[in-house]
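Heads up, the thing below is written out as structure tokens.
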Amino acid sequence: MTSKQRLVEKTKKLFQEKYNKNPEVISVSPGRINIIGEHVDYNLGLSMPAAIDKYLCVAISKNKEKKINGYSATLNDSFSNDHLLNNDSKLWVKYVHGSINESLKKSNYNSGFDLVINSNIPMGKGISSSAALEISIVLSINKIFNLKMSNNDIIKNCQSVDHNHINIQSGVLDQSACLLSKKDSIFILDFYDMNIEHLKYNLKNIKWILIDSNIKRELATSKYHERVNECKEALKLLSFNNNEIKSFRDLDINTAKEISLLPSKLQKRVNHIVSENNRVIKMKEAISKQSIKEMGDLLTKSHISLRDDYEVSCSEIDTMINFSKSIEGWIGGRIMGGGFGGTTINLIKLGYEDSFIDKLSKFYKKQIGLDCDVLDLSFVDGAETIYINSLN
Ligand code: GLA
């Protein structure tokens with residue numbers, strides 16, 4: 001039995017114990033990483049994410065009480081609330097209510113639900129445990145009522161949960177990655193038109209490793225919004241100066257003049273967006289050519305751009321990346337996700353993983369005084385709904 005199957009079985013059992021019935025539907029979503037293409041989703045750019053073999057599982061069933069009864073085995077916490085109105089301030093409860101209500105918003109259905117959540121995706125580490133929760137619930141509701149949502153509807157519904165219930169004006173990178181990934185593949189996602197290109201991934205002589213800096217991303221939400229607003233402002237000024245510029249994708253070498261007219265802070269933000277989109281395209285070429293060195297260089301350039309132009313890194317992670325350069329076997333790496341702490345993604349020569357981790361952890365402990373946790377990755381299929389019948 002795989003760890004995913006074990007998680008599903010355990011969640012089903014917990015549901016039966018809790019509610020004395022079988023769940024109608026069980027859905028499972030993986031967490032995600034992002035190889036490259038950071039802070040470009042809400043700027044209609046390009047990213048290269050992948051789902052990873054850590055999962056969140058939701059077992060759910062309708063009830064007649066017009067209540068949402070939820071139990072999180074991960075947090076060992078539960079709630080029971082009116083199905084329409086949530087007055088609980090706990091974040092996970094907001095995600096559950098938000099996901100249910102956004103899914104049913106455009107339908108004539110309203111109902112109460114019993115549900116159990118169980119997850120082995122580490123929380124708050126930048127690998128999208130919350131997007132996995134949203135996706136699992138929206139997929140389940142879609143199945144229960146046969147709402148015929150397309151993948152894009154599901155992704156948009158999850159984004160509305162972030163916007164309307166959590167107050168984060170995020171893009172759709174996380175949810176798209178959790179839903180659309182394919183095993184042993186990575187994909188290029190174009191947020192301009194949601195076009196997807198899957199790349200078979202068969203590089204055998206390298207390893208991807210995530211390192212958790214254990215720096216809490218405290219300012220993450222407010223600084224994230226600051227960047228979203230700066231980008232809106234930059235685009236407004238760019239289109240004012242040249243009405244052919246309707247998105248950052250319309251910028252090229254010929255529009256360099258317009259970029260240079262922006263206030264210097266906004267120039268830096270735009271430089272990151274334009275250069276990061278180019279790096280995604282170059283990464284695709286590097287992977288196709290199996291050019292490991294080029295892949296590493298692109299990661300490291302992305303880090304520099306996130307650090308200096310987009311200013312979403314932090315000194316502890318910069319120290320970590322700088323030191324990694326001196327470790328044998330490290331090919332490249334960068335801060336991953338929203339930033340201001342959290343996790344780095346690193347490309348390591350096969351066989352050097354243990355010595356890299358050993359050297360980096362010792363240095364980090366001595367220099368910063370913190371442990372750095374390690375996560376080994378393999379790329380898996382995106383989220384799916386599993387009918388309870390198929391499990392019996
Ligand atoms: C967070 C957001 C995503 C994306 C990344 C940065 O993970 O939820 O939408 O903007 O930051 O790439």
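Starting from 1 in every chain, residues are counted up; chains themselves are A, B, ... following the order of the structure tokens, and ligands are numbered from 1 as listed.
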inquiry  = Which of range 100-224 of chain A end up as helix (DSSP H, G or I) when DSSP is run on this backbone - answer as a PyMOL selection string?
reply    = chain A and resi 100-104+129-144+151-166+173-180+220-224
Output N, CA and C atoms for every residue in that selection, as a compact mmCIF listing (two decimals), in the first residue's frame.
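Ended up saving to out31.txt:
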```
# COMPACT_ATOMS: atom_id res chain seq x y z
N ILE A 100 -16.61 25.30 0.57
CA ILE A 100 -17.96 24.77 0.36
C ILE A 100 -18.85 25.86 -0.24
N ASN A 101 -18.81 27.03 0.35
CA ASN A 101 -19.71 28.10 -0.12
C ASN A 101 -19.37 28.60 -1.52
N GLU A 102 -18.08 28.71 -1.83
CA GLU A 102 -17.72 29.14 -3.20
C GLU A 102 -18.14 28.08 -4.22
N SER A 103 -18.06 26.80 -3.86
CA SER A 103 -18.44 25.73 -4.80
C SER A 103 -19.91 25.77 -5.12
N LEU A 104 -20.73 26.11 -4.11
CA LEU A 104 -22.18 26.04 -4.30
C LEU A 104 -22.80 27.36 -4.74
N SER A 129 -0.32 23.45 1.50
CA SER A 129 -1.30 22.59 2.18
C SER A 129 -2.68 23.22 2.10
N SER A 130 -2.76 24.57 2.09
CA SER A 130 -4.10 25.19 2.06
C SER A 130 -4.72 25.08 0.67
N ALA A 131 -3.93 25.17 -0.39
CA ALA A 131 -4.51 24.97 -1.73
C ALA A 131 -4.98 23.53 -1.87
N ALA A 132 -4.24 22.58 -1.27
CA ALA A 132 -4.65 21.17 -1.33
C ALA A 132 -5.98 20.98 -0.60
N LEU A 133 -6.19 21.72 0.48
CA LEU A 133 -7.46 21.64 1.21
C LEU A 133 -8.60 22.18 0.34
N GLU A 134 -8.37 23.35 -0.24
CA GLU A 134 -9.41 23.94 -1.10
C GLU A 134 -9.77 23.01 -2.25
N ILE A 135 -8.74 22.53 -2.93
CA ILE A 135 -8.96 21.67 -4.11
C ILE A 135 -9.72 20.40 -3.71
N SER A 136 -9.33 19.78 -2.60
CA SER A 136 -10.00 18.54 -2.19
C SER A 136 -11.47 18.78 -1.90
N ILE A 137 -11.77 19.90 -1.26
CA ILE A 137 -13.18 20.16 -0.93
C ILE A 137 -13.97 20.52 -2.19
N VAL A 138 -13.42 21.40 -3.02
CA VAL A 138 -14.17 21.81 -4.22
C VAL A 138 -14.39 20.61 -5.14
N LEU A 139 -13.36 19.77 -5.30
CA LEU A 139 -13.52 18.56 -6.12
C LEU A 139 -14.63 17.68 -5.57
N SER A 140 -14.67 17.55 -4.24
CA SER A 140 -15.67 16.68 -3.61
C SER A 140 -17.08 17.20 -3.84
N ILE A 141 -17.26 18.51 -3.63
CA ILE A 141 -18.59 19.11 -3.79
C ILE A 141 -19.03 19.00 -5.26
N ASN A 142 -18.08 19.23 -6.15
CA ASN A 142 -18.35 19.09 -7.57
C ASN A 142 -18.87 17.69 -7.88
N LYS A 143 -18.28 16.69 -7.27
CA LYS A 143 -18.67 15.30 -7.51
C LYS A 143 -20.01 14.99 -6.87
N ILE A 144 -20.19 15.41 -5.61
CA ILE A 144 -21.42 15.08 -4.89
C ILE A 144 -22.65 15.58 -5.65
N ASN A 151 -11.84 22.15 -15.00
CA ASN A 151 -10.66 22.37 -14.15
C ASN A 151 -10.47 23.85 -13.84
N ASN A 152 -10.68 24.68 -14.87
CA ASN A 152 -10.52 26.11 -14.63
C ASN A 152 -11.55 26.65 -13.64
N ASP A 153 -12.80 26.13 -13.70
CA ASP A 153 -13.82 26.54 -12.71
C ASP A 153 -13.36 26.17 -11.30
N ILE A 154 -12.83 24.96 -11.18
CA ILE A 154 -12.39 24.49 -9.85
C ILE A 154 -11.27 25.40 -9.32
N ILE A 155 -10.33 25.69 -10.21
CA ILE A 155 -9.20 26.54 -9.81
C ILE A 155 -9.69 27.94 -9.42
N LYS A 156 -10.59 28.49 -10.23
CA LYS A 156 -11.14 29.84 -9.96
C LYS A 156 -11.92 29.87 -8.65
N ASN A 157 -12.69 28.79 -8.40
CA ASN A 157 -13.43 28.72 -7.13
C ASN A 157 -12.48 28.76 -5.94
N CYS A 158 -11.39 28.02 -6.07
CA CYS A 158 -10.41 28.00 -4.97
C CYS A 158 -9.78 29.38 -4.80
N GLN A 159 -9.51 30.04 -5.91
CA GLN A 159 -8.94 31.38 -5.81
C GLN A 159 -9.92 32.32 -5.10
N SER A 160 -11.23 32.15 -5.39
CA SER A 160 -12.23 32.99 -4.71
C SER A 160 -12.24 32.74 -3.21
N VAL A 161 -11.90 31.50 -2.80
CA VAL A 161 -11.81 31.23 -1.36
C VAL A 161 -10.71 32.13 -0.76
N ASP A 162 -9.54 32.14 -1.42
CA ASP A 162 -8.44 33.00 -0.94
C ASP A 162 -8.87 34.47 -0.90
N HIS A 163 -9.50 34.91 -1.99
CA HIS A 163 -9.85 36.34 -2.10
C HIS A 163 -10.98 36.74 -1.15
N ASN A 164 -12.03 35.92 -1.09
CA ASN A 164 -13.24 36.35 -0.36
C ASN A 164 -13.30 35.89 1.10
N HIS A 165 -12.56 34.83 1.43
CA HIS A 165 -12.71 34.29 2.79
C HIS A 165 -11.42 34.39 3.60
N ILE A 166 -10.28 34.44 2.93
CA ILE A 166 -9.00 34.44 3.65
C ILE A 166 -8.33 35.80 3.55
N LEU A 173 -1.42 29.90 -9.06
CA LEU A 173 -0.31 28.94 -9.19
C LEU A 173 -0.54 27.68 -8.34
N ASP A 174 -0.84 27.89 -7.06
CA ASP A 174 -0.88 26.77 -6.12
C ASP A 174 -1.97 25.76 -6.49
N GLN A 175 -3.18 26.28 -6.71
CA GLN A 175 -4.30 25.39 -7.00
C GLN A 175 -4.12 24.69 -8.33
N SER A 176 -3.59 25.43 -9.33
CA SER A 176 -3.38 24.81 -10.65
C SER A 176 -2.39 23.66 -10.52
N ALA A 177 -1.33 23.89 -9.76
CA ALA A 177 -0.30 22.86 -9.61
C ALA A 177 -0.88 21.63 -8.91
N CYS A 178 -1.67 21.87 -7.85
CA CYS A 178 -2.25 20.74 -7.10
C CYS A 178 -3.20 19.92 -7.99
N LEU A 179 -3.88 20.60 -8.89
CA LEU A 179 -4.91 19.91 -9.68
C LEU A 179 -4.39 19.32 -10.99
N LEU A 180 -3.50 20.03 -11.66
CA LEU A 180 -3.22 19.69 -13.06
C LEU A 180 -1.94 18.89 -13.29
N ALA A 220 4.41 37.94 5.27
CA ALA A 220 4.13 37.44 3.92
C ALA A 220 2.86 38.03 3.32
N THR A 221 1.75 38.06 4.08
CA THR A 221 0.50 38.51 3.46
C THR A 221 0.53 39.98 3.11
N SER A 222 0.98 40.81 4.06
CA SER A 222 0.95 42.25 3.77
C SER A 222 1.95 42.62 2.68
N LYS A 223 3.13 42.00 2.71
CA LYS A 223 4.15 42.29 1.68
C LYS A 223 3.70 41.73 0.33
N TYR A 224 3.01 40.59 0.37
CA TYR A 224 2.49 40.00 -0.88
C TYR A 224 1.54 41.00 -1.53
```
inquiry  = Please identify the strand (DSSP E or B) residues within range 94-300 of chain A (assignment by DSSP from backbone atoms) and present them as number ranges by chain.
reply    = A: 112-119, 185-190, 195-200, 206-212
key: Exercise: Arg32 in chain A partners within 6 Å, only C-alpha atoms, chain neighbours under 4 positions left out, as a ChimeraX atom specification   = /A:50-52,127,178
Could you write out that same residue set with N, CA and C atoms as a PDB file, in the first residue's frame?
```pdb
ATOM      1  N   ALA A  50       5.075  21.627 -10.023  1.00  0.00           N
ATOM      2  CA  ALA A  50       4.828  20.180 -10.028  1.00  0.00           C
ATOM      3  C   ALA A  50       4.220  19.794  -8.691  1.00  0.00           C
ATOM      4  N   ALA A  51       3.345  18.777  -8.733  1.00  0.00           N
ATOM      5  CA  ALA A  51       2.778  18.272  -7.473  1.00  0.00           C
ATOM      6  C   ALA A  51       3.751  17.265  -6.876  1.00  0.00           C
ATOM      7  N   ILE A  52       3.786  17.196  -5.551  1.00  0.00           N
ATOM      8  CA  ILE A  52       4.749  16.304  -4.879  1.00  0.00           C
ATOM      9  C   ILE A  52       4.031  15.261  -4.017  1.00  0.00           C
ATOM     10  N   ILE A 127       4.439  24.735   0.689  1.00  0.00           N
ATOM     11  CA  ILE A 127       4.134  23.706  -0.307  1.00  0.00           C
ATOM     12  C   ILE A 127       2.626  23.484  -0.446  1.00  0.00           C
ATOM     13  N   CYS A 178      -1.671  21.866  -7.851  1.00  0.00           N
ATOM     14  CA  CYS A 178      -2.245  20.739  -7.101  1.00  0.00           C
ATOM     15  C   CYS A 178      -3.195  19.920  -7.987  1.00  0.00           C
TER      16      CYS A 178
END
```
Expected selection as a ChimeraX atom specification for ligand 1 within 9 Å, only C-alpha atoms and all ligand atoms = /A:34,36-43,47,126-128,131,159,162,168-175,224,228,336-339
Could you write those residues out with N, CA and C atoms, as a PDB file, in the first residue's frame?
```pdb
ATOM      1  N   ASN A  34       7.417  24.688  -6.872  1.00  0.00           N
ATOM      2  CA  ASN A  34       7.492  25.466  -8.108  1.00  0.00           C
ATOM      3  C   ASN A  34       8.958  25.536  -8.503  1.00  0.00           C
ATOM      4  N   ILE A  36      10.334  27.082 -11.167  1.00  0.00           N
ATOM      5  CA  ILE A  36      10.694  28.464 -11.501  1.00  0.00           C
ATOM      6  C   ILE A  36       9.438  29.182 -11.991  1.00  0.00           C
ATOM      7  N   GLY A  37       9.465  30.534 -11.937  1.00  0.00           N
ATOM      8  CA  GLY A  37       8.297  31.325 -12.326  1.00  0.00           C
ATOM      9  C   GLY A  37       7.571  31.771 -11.071  1.00  0.00           C
ATOM     10  N   GLU A  38       8.253  32.645 -10.289  1.00  0.00           N
ATOM     11  CA  GLU A  38       7.694  33.054  -8.995  1.00  0.00           C
ATOM     12  C   GLU A  38       7.158  34.478  -9.067  1.00  0.00           C
ATOM     13  N   HIS A  39       6.012  34.672  -8.440  1.00  0.00           N
ATOM     14  CA  HIS A  39       5.329  35.971  -8.420  1.00  0.00           C
ATOM     15  C   HIS A  39       4.964  36.450  -9.826  1.00  0.00           C
ATOM     16  N   VAL A  40       4.706  35.498 -10.692  1.00  0.00           N
ATOM     17  CA  VAL A  40       4.268  35.892 -12.037  1.00  0.00           C
ATOM     18  C   VAL A  40       2.836  35.452 -12.317  1.00  0.00           C
ATOM     19  N   ASP A  41       2.267  34.601 -11.447  1.00  0.00           N
ATOM     20  CA  ASP A  41       0.909  34.108 -11.759  1.00  0.00           C
ATOM     21  C   ASP A  41      -0.107  35.249 -11.786  1.00  0.00           C
ATOM     22  N   TYR A  42      -0.031  36.155 -10.807  1.00  0.00           N
ATOM     23  CA  TYR A  42      -0.992  37.274 -10.809  1.00  0.00           C
ATOM     24  C   TYR A  42      -0.562  38.371 -11.779  1.00  0.00           C
ATOM     25  N   ASN A  43       0.510  38.130 -12.518  1.00  0.00           N
ATOM     26  CA  ASN A  43       0.938  39.059 -13.565  1.00  0.00           C
ATOM     27  C   ASN A  43       0.839  38.422 -14.951  1.00  0.00           C
ATOM     28  N   SER A  47       4.843  29.842 -15.252  1.00  0.00           N
ATOM     29  CA  SER A  47       5.485  29.128 -14.136  1.00  0.00           C
ATOM     30  C   SER A  47       5.698  27.675 -14.504  1.00  0.00           C
ATOM     31  N   GLY A 126       5.211  26.520   2.666  1.00  0.00           N
ATOM     32  CA  GLY A 126       5.264  26.975   1.276  1.00  0.00           C
ATOM     33  C   GLY A 126       5.025  25.880   0.259  1.00  0.00           C
ATOM     34  N   ILE A 127       4.439  24.735   0.689  1.00  0.00           N
ATOM     35  CA  ILE A 127       4.134  23.706  -0.307  1.00  0.00           C
ATOM     36  C   ILE A 127       2.626  23.484  -0.446  1.00  0.00           C
ATOM     37  N   SER A 128       1.892  24.546  -0.092  1.00  0.00           N
ATOM     38  CA  SER A 128       0.473  24.662  -0.453  1.00  0.00           C
ATOM     39  C   SER A 128      -0.461  23.650   0.189  1.00  0.00           C
ATOM     40  N   ALA A 131      -3.932  25.168  -0.394  1.00  0.00           N
ATOM     41  CA  ALA A 131      -4.508  24.968  -1.735  1.00  0.00           C
ATOM     42  C   ALA A 131      -4.984  23.528  -1.871  1.00  0.00           C
ATOM     43  N   GLN A 159      -9.511  30.035  -5.911  1.00  0.00           N
ATOM     44  CA  GLN A 159      -8.937  31.384  -5.809  1.00  0.00           C
ATOM     45  C   GLN A 159      -9.918  32.323  -5.098  1.00  0.00           C
ATOM     46  N   ASP A 162      -9.543  32.144  -1.419  1.00  0.00           N
ATOM     47  CA  ASP A 162      -8.441  33.001  -0.944  1.00  0.00           C
ATOM     48  C   ASP A 162      -8.869  34.466  -0.903  1.00  0.00           C
ATOM     49  N   ILE A 168      -6.531  36.975   0.964  1.00  0.00           N
ATOM     50  CA  ILE A 168      -5.234  36.983   0.263  1.00  0.00           C
ATOM     51  C   ILE A 168      -5.536  37.083  -1.227  1.00  0.00           C
ATOM     52  N   GLN A 169      -4.976  38.108  -1.839  1.00  0.00           N
ATOM     53  CA  GLN A 169      -5.248  38.335  -3.270  1.00  0.00           C
ATOM     54  C   GLN A 169      -4.281  37.519  -4.131  1.00  0.00           C
ATOM     55  N   SER A 170      -4.271  36.212  -3.919  1.00  0.00           N
ATOM     56  CA  SER A 170      -3.273  35.370  -4.581  1.00  0.00           C
ATOM     57  C   SER A 170      -3.628  35.095  -6.036  1.00  0.00           C
ATOM     58  N   GLY A 171      -2.656  34.580  -6.768  1.00  0.00           N
ATOM     59  CA  GLY A 171      -2.895  34.111  -8.128  1.00  0.00           C
ATOM     60  C   GLY A 171      -3.394  32.671  -8.080  1.00  0.00           C
ATOM     61  N   VAL A 172      -3.209  31.929  -9.187  1.00  0.00           N
ATOM     62  CA  VAL A 172      -3.744  30.566  -9.215  1.00  0.00           C
ATOM     63  C   VAL A 172      -2.650  29.498  -9.349  1.00  0.00           C
ATOM     64  N   LEU A 173      -1.419  29.900  -9.062  1.00  0.00           N
ATOM     65  CA  LEU A 173      -0.310  28.942  -9.193  1.00  0.00           C
ATOM     66  C   LEU A 173      -0.544  27.682  -8.341  1.00  0.00           C
ATOM     67  N   ASP A 174      -0.842  27.893  -7.062  1.00  0.00           N
ATOM     68  CA  ASP A 174      -0.876  26.768  -6.122  1.00  0.00           C
ATOM     69  C   ASP A 174      -1.969  25.764  -6.491  1.00  0.00           C
ATOM     70  N   GLN A 175      -3.176  26.280  -6.710  1.00  0.00           N
ATOM     71  CA  GLN A 175      -4.301  25.393  -6.998  1.00  0.00           C
ATOM     72  C   GLN A 175      -4.116  24.687  -8.334  1.00  0.00           C
ATOM     73  N   TYR A 224       3.011  40.593   0.370  1.00  0.00           N
ATOM     74  CA  TYR A 224       2.492  40.004  -0.875  1.00  0.00           C
ATOM     75  C   TYR A 224       1.541  41.001  -1.535  1.00  0.00           C
ATOM     76  N   VAL A 228       1.564  42.914  -5.169  1.00  0.00           N
ATOM     77  CA  VAL A 228       0.431  42.844  -6.113  1.00  0.00           C
ATOM     78  C   VAL A 228       0.045  44.269  -6.521  1.00  0.00           C
ATOM     79  N   MET A 336      11.608  29.790  -2.652  1.00  0.00           N
ATOM     80  CA  MET A 336      10.432  29.309  -3.385  1.00  0.00           C
ATOM     81  C   MET A 336       9.141  29.829  -2.754  1.00  0.00           C
ATOM     82  N   GLY A 337       8.137  30.069  -3.587  1.00  0.00           N
ATOM     83  CA  GLY A 337       6.816  30.455  -3.087  1.00  0.00           C
ATOM     84  C   GLY A 337       6.712  31.948  -2.844  1.00  0.00           C
ATOM     85  N   GLY A 338       5.829  32.322  -1.931  1.00  0.00           N
ATOM     86  CA  GLY A 338       5.536  33.729  -1.672  1.00  0.00           C
ATOM     87  C   GLY A 338       6.730  34.513  -1.143  1.00  0.00           C
ATOM     88  N   GLY A 339       7.629  33.851  -0.401  1.00  0.00           N
ATOM     89  CA  GLY A 339       8.857  34.495   0.058  1.00  0.00           C
ATOM     90  C   GLY A 339       8.811  35.004   1.488  1.00  0.00           C
TER      91      GLY A 339
END
```
Within 6 Å of range 262-273 of chain A, which residues of range 302-374 of chain A come that close, and what is the closest atom pair and distance in Å for each? Count only C-alpha atoms and give it as a Markdown table.
```
| residue | atom | partner | partner_atom | distance |
| --- | --- | --- | --- | --- |
| A:Ser305 | CA | A:His272 | CA | 5.7 |
| A:Asp309 | CA | A:Lys268 | CA | 4.6 |
| A:Tyr310 | CA | A:Arg269 | CA | 5.1 |
```
Show me, as CSV, the residues of range 65-98 of chain A having an atom within 7 Å of range 105-116 of chain A, each with the closest atom pair and its distance in Å, using only C-alpha atoms.
```
residue,atom,partner,partner_atom,distance
A:Glu65,CA,A:Gly112,CA,6.0
A:Lys66,CA,A:Gly112,CA,4.0
A:Lys67,CA,A:Gly112,CA,4.4
A:Ile68,CA,A:Phe113,CA,4.8
A:Asn69,CA,A:Asp114,CA,4.8
A:Gly70,CA,A:Leu115,CA,4.9
A:Tyr71,CA,A:Val116,CA,4.8
A:Ser72,CA,A:Val116,CA,5.8
A:His83,CA,A:Gly112,CA,5.3
```
inquiry  = Calculated over only C-alpha atoms, which of the candidates A:Cys314, A:Ile186, A:Leu56, A:Ile386 has the smallest distance to Ile33 in chain A?
reply    =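 Looking only at the distances to Ile33 in chain A, the closest residue turns out to be A:Ile186.
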Gap from CA of Lys216 in chain A to CA of Asp318 in chain A - Å, one decimal =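 The value is 14.9 Å.
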remark   = The residue from A:Arg227, A:Lys183, A:Lys207, A:Lys284 with the smallest atom-to-atom distance to Gly329 in chain A, counting only C-alpha atoms, is A:Lys207
ask   = Suppose you want the space between CA of Lys289 in chain A and CA of Asp354 in chain A; what is it in Å?
value = 26.8 Å
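Residues in contact range of range 191-194 of chain A, defined as at most 7 Å between only C-alpha atoms, with sequence neighbours fewer than 5 positions away removed, read Asp41, Leu44, Gly45 and Leu46 of chain A.
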Let me see the file: selected residues, C-alpha atoms, as an mmCIF file, in the first residue's frame.
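Written file, out.cif:
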```cif
data_model
loop_
_atom_site.group_PDB
_atom_site.id
_atom_site.type_symbol
_atom_site.label_atom_id
_atom_site.label_comp_id
_atom_site.auth_asym_id
_atom_site.auth_seq_id
_atom_site.Cartn_x
_atom_site.Cartn_y
_atom_site.Cartn_z
ATOM 1 C CA ASP A 41 0.909 34.108 -11.759
ATOM 2 C CA LEU A 44 -0.247 36.686 -16.309
ATOM 3 C CA GLY A 45 3.213 35.191 -16.705
ATOM 4 C CA LEU A 46 4.636 31.652 -16.868
#
```
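The gap separating CA of Arg6 in chain A from CA of Ser99 in chain A is 24.9 Å, in Å to one decimal.
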